[in-house]
file query.txt (compact mmCIF, C-alpha atoms)
# COMPACT_ATOMS: atom_id res chain seq x y z
CA MET A 1 0.00 0.00 0.00
CA GLU A 2 2.85 2.41 0.80
CA ILE A 3 4.45 1.68 -2.58
CA ILE A 4 1.24 2.58 -4.42
CA LEU A 5 0.93 5.80 -2.41
CA SER A 6 4.57 6.70 -3.20
CA ILE A 7 4.01 6.05 -6.90
CA LEU A 8 0.87 8.22 -6.90
CA ILE A 9 2.75 11.05 -5.17
CA VAL A 10 5.55 10.90 -7.76
CA ILE A 11 3.03 10.89 -10.63
CA ALA A 12 1.16 13.83 -9.10
CA ALA A 13 4.45 15.74 -8.72
CA PHE A 14 5.30 15.20 -12.40
CA ILE A 15 1.85 16.38 -13.44
CA LEU A 16 2.10 19.50 -11.28
CA ILE A 17 5.55 20.33 -12.66
CA GLY A 18 4.24 19.94 -16.21
CA VAL A 19 1.22 22.16 -15.53
CA PHE A 20 3.43 24.81 -13.89
CA ARG A 21 5.83 24.85 -16.85
CA TYR A 22 2.94 25.06 -19.32
CA ILE A 23 1.37 28.03 -17.52
CA ARG A 24 4.70 29.82 -17.08
CA THR A 25 5.65 29.34 -20.74
CA ASN A 26 2.30 30.59 -22.03
CA LYS A 27 2.89 33.90 -20.25
CA PHE A 28 5.87 34.81 -22.47
CA LEU A 29 5.65 32.57 -25.55
CA ASN A 30 3.04 32.83 -28.29
CA THR A 31 2.25 29.45 -29.84
CA LEU A 32 1.15 30.17 -33.40
CA THR A 33 -0.71 28.13 -35.97
CA GLU A 34 0.86 27.91 -39.41
CA SER A 35 -1.33 30.70 -40.79
CA GLN A 36 -0.52 33.00 -37.84
CA PHE A 37 3.17 32.13 -38.23
CA ILE A 38 3.07 32.99 -41.96
CA GLU A 39 1.40 36.35 -41.22
CA GLY A 40 4.27 37.57 -39.06
CA TYR A 41 7.51 35.74 -39.73
CA ARG A 42 8.62 37.90 -42.68
CA LYS A 43 8.78 40.94 -40.37
CA ALA A 44 10.65 39.02 -37.68
CA GLN A 45 13.81 37.03 -37.09
CA LEU A 46 13.03 33.49 -38.24
CA ILE A 47 15.21 30.99 -36.34
CA ASP A 48 15.37 27.26 -36.96
CA VAL A 49 16.81 25.66 -33.80
CA ARG A 50 17.29 22.19 -35.31
CA GLU A 51 20.72 20.76 -35.94
CA PRO A 52 22.47 21.63 -39.27
CA ASN A 53 21.82 18.20 -40.84
CA GLU A 54 18.08 18.61 -40.19
CA PHE A 55 18.16 22.18 -41.54
CA GLU A 56 19.86 21.06 -44.77
CA ARG A 57 17.19 18.44 -45.44
CA GLY A 58 14.63 21.23 -45.57
CA HIS A 59 13.71 24.45 -43.79
CA ILE A 60 11.24 27.31 -43.98
CA LEU A 61 12.25 29.77 -46.67
CA GLY A 62 14.18 32.65 -45.08
CA ALA A 63 15.09 30.87 -41.84
CA ARG A 64 18.48 31.11 -40.14
CA ASN A 65 19.89 28.03 -38.50
CA ILE A 66 20.96 28.56 -34.89
CA PRO A 67 20.88 25.08 -33.35
CA MET A 68 19.83 24.63 -29.72
CA SER A 69 23.30 23.23 -29.04
CA GLN A 70 24.83 26.61 -30.06
CA LEU A 71 22.11 29.03 -28.95
CA LYS A 72 23.77 30.37 -25.80
CA GLN A 73 27.03 31.01 -27.69
CA ARG A 74 25.25 32.74 -30.58
CA LEU A 75 22.79 35.01 -28.74
CA GLN A 76 24.49 38.12 -30.19
CA GLU A 77 23.12 37.09 -33.62
CA ILE A 78 19.53 37.59 -32.42
CA ARG A 79 18.30 41.14 -31.95
CA PRO A 80 16.32 41.64 -28.72
CA ASP A 81 14.36 44.58 -30.20
CA LYS A 82 12.71 42.57 -32.99
CA PRO A 83 10.16 39.74 -32.82
CA VAL A 84 11.66 36.25 -32.78
CA TYR A 85 9.91 33.38 -34.57
CA LEU A 86 11.28 29.98 -33.57
CA TYR A 87 10.67 26.50 -34.85
CA CYS A 88 12.16 23.02 -34.63
CA GLN A 89 10.99 19.61 -35.77
CA SER A 90 8.10 19.16 -33.29
CA GLY A 91 7.96 22.25 -31.09
CA GLN A 92 9.87 21.01 -28.04
CA ARG A 93 13.30 22.48 -28.80
CA SER A 94 11.81 25.81 -29.86
CA LEU A 95 10.00 25.92 -26.52
CA ARG A 96 13.31 25.38 -24.69
CA ALA A 97 15.00 27.98 -26.93
CA ALA A 98 12.30 30.51 -26.04
CA THR A 99 12.89 29.86 -22.34
CA ILE A 100 16.60 30.60 -22.80
CA LEU A 101 15.86 33.76 -24.77
CA LYS A 102 13.33 34.96 -22.18
CA LYS A 103 15.95 34.60 -19.44
CA GLN A 104 18.26 36.79 -21.56
CA GLY A 105 15.64 39.55 -21.81
CA TYR A 106 14.00 38.85 -25.18
CA GLN A 107 10.33 39.86 -25.18
CA ASP A 108 8.44 39.12 -28.42
CA LEU A 109 8.83 35.33 -28.64
CA ASN A 110 6.76 33.10 -30.91
CA HIS A 111 6.96 29.48 -31.98
CA LEU A 112 5.31 27.27 -34.56
CA LYS A 113 2.70 24.89 -33.19
CA GLY A 114 3.62 21.34 -34.18
CA GLY A 115 7.00 22.41 -35.57
CA PHE A 116 8.43 21.87 -39.03
CA ARG A 117 6.85 18.44 -39.46
CA LYS A 118 3.41 20.12 -39.57
CA TRP A 119 4.58 22.89 -41.95
CA THR A 120 2.93 22.94 -45.38
CA GLY A 121 4.31 26.30 -46.60
CA LYS A 122 7.35 27.03 -48.74
CA VAL A 123 10.47 25.00 -48.00
CA LYS A 124 14.04 25.31 -49.15
CA VAL A 125 16.27 22.26 -49.39
CA LYS A 126 20.02 22.78 -49.35
CA LYS A 127 21.74 20.60 -51.90
CA LYS A 128 25.18 19.32 -51.07
CA ALA A 129 27.87 19.83 -53.70
CA TYR A 130 29.39 16.65 -55.10

call {"tool": "encode", "arguments": {"input": "query.txt", "output": "structure tokens"}}
result
Amino acid sequence: MEIILSILIVIAAFILIGVFRYIRTNKFLNTLTESQFIEGYRKAQLIDVREPNEFERGHILGARNIPMSQLKQRLQEIRPDKPVYLYCQSGQRSLRAATILKKQGYQDLNHLKGGFRKWTGKVKVKKKAY
């Protein structure tokens, strides 16, 4: 009986942490549908936070690749006075990237709901030279 109670407490803690993070993130990050994203990304800094090999296989036209693994070292490339539109493959890395940017003082943060895998707009594929 004590084991079941302990398991339920751990599960409840994970749920509460998840709810807290969701609420906190929604206060500073706008999650946009594809049509909302398309409306504003041309006037903003469009950042793809996937790794370079993912970016080369296809990315949103006009996006800059600043991978999550390099974001903290490359913050100077992102202007804090302009809107930032982020995306990754599914939406998880862009959410983490937004959290990092918020801690650094960035204000107008947006990310693509569902990430690149849900994107149906224009895509550019980088071709490797042979």

call {"tool": "closest_residue", "arguments": {"input": "query.txt", "among": "A:Glu2, A:Asp48, A:Glu39, A:Glu34", "to": "Ala97 (chain A)", "atoms": "only C-alpha atoms"}}
result
A:Asp48

call {"tool": "residues_near_point", "arguments": {"input": "query.txt", "point": "(3.2, 26.3, -48.4)", "cutoff": "10 Å", "atoms": "only C-alpha atoms", "output": "PyMOL selection string"}}
result
chain A and resi 34-35+38+60-61+119-123

call {"tool": "residues_around", "arguments": {"input": "query.txt", "residues": "Glu51 (chain A)", "least_positions_apart": "6", "cutoff": "12 Å", "atoms": "all atoms listed in the file", "output": "tab-separated table (two decimals) with C-alpha atoms, in the coordinates of the input"}}
result
chain	number	residue	atom	x	y	z
A	57	ARG	CA	17.19	18.44	-45.44
A	58	GLY	CA	14.63	21.23	-45.57
A	59	HIS	CA	13.71	24.45	-43.79
A	64	ARG	CA	18.48	31.11	-40.14
A	65	ASN	CA	19.89	28.03	-38.50
A	66	ILE	CA	20.96	28.56	-34.89
A	67	PRO	CA	20.88	25.08	-33.35
A	68	MET	CA	19.83	24.63	-29.72
A	69	SER	CA	23.30	23.23	-29.04
A	70	GLN	CA	24.83	26.61	-30.06
A	71	LEU	CA	22.11	29.03	-28.95
A	87	TYR	CA	10.67	26.50	-34.85
A	88	CYS	CA	12.16	23.02	-34.63
A	89	GLN	CA	10.99	19.61	-35.77
A	93	ARG	CA	13.30	22.48	-28.80
A	94	SER	CA	11.81	25.81	-29.86

call {"tool": "closest_residue", "arguments": {"input": "query.txt", "among": "A:Leu112, A:Phe28, A:Lys124, A:Glu77", "to": "Ser90 (chain A)", "atoms": "all atoms listed in the file"}}
result
A:Leu112

call {"tool": "residues_around", "arguments": {"input": "query.txt", "residues": "Lys43 (chain A)", "least_positions_apart": "6", "cutoff": "12 Å", "atoms": "all atoms listed in the file", "output": "ChimeraX atom specification"}}
result
/A:37,62-63,82-85

call {"tool": "closest_residue", "arguments": {"input": "query.txt", "among": "A:Ile11, A:Val49, A:Val125, A:Leu32", "to": "His111 (chain A)", "atoms": "all atoms listed in the file"}}
result
A:Leu32

call {"tool": "residues_around", "arguments": {"input": "query.txt", "residues": "Gln107 (chain A)", "least_positions_apart": "4", "cutoff": "12 Å", "atoms": "all atoms listed in the file", "output": "list in words"}}
result
Lys27, Phe28, Leu29, Asn30, Ile78, Arg79, Pro80, Asp81, Lys82, Pro83, Val84, Tyr85, Ala98, Thr99, Ile100, Leu101, Lys102 and Lys103 of chain A

call {"tool": "atom_distance", "arguments": {"input": "query.txt", "atom1": "CA of Tyr41 (chain A)", "atom2": "CA of Leu86 (chain A)"}}
result
9.2 Å

call {"tool": "closest_residue", "arguments": {"input": "query.txt", "among": "A:Leu75, A:Leu109, A:Ile17, A:Gly114", "to": "Gln92 (chain A)", "atoms": "all atoms listed in the file"}}
result
A:Gly114

call {"tool": "atom_distance", "arguments": {"input": "query.txt", "atom1": "CA of Gln104 (chain A)", "atom2": "CA of Ala44 (chain A)"}}
result
18.0 Å
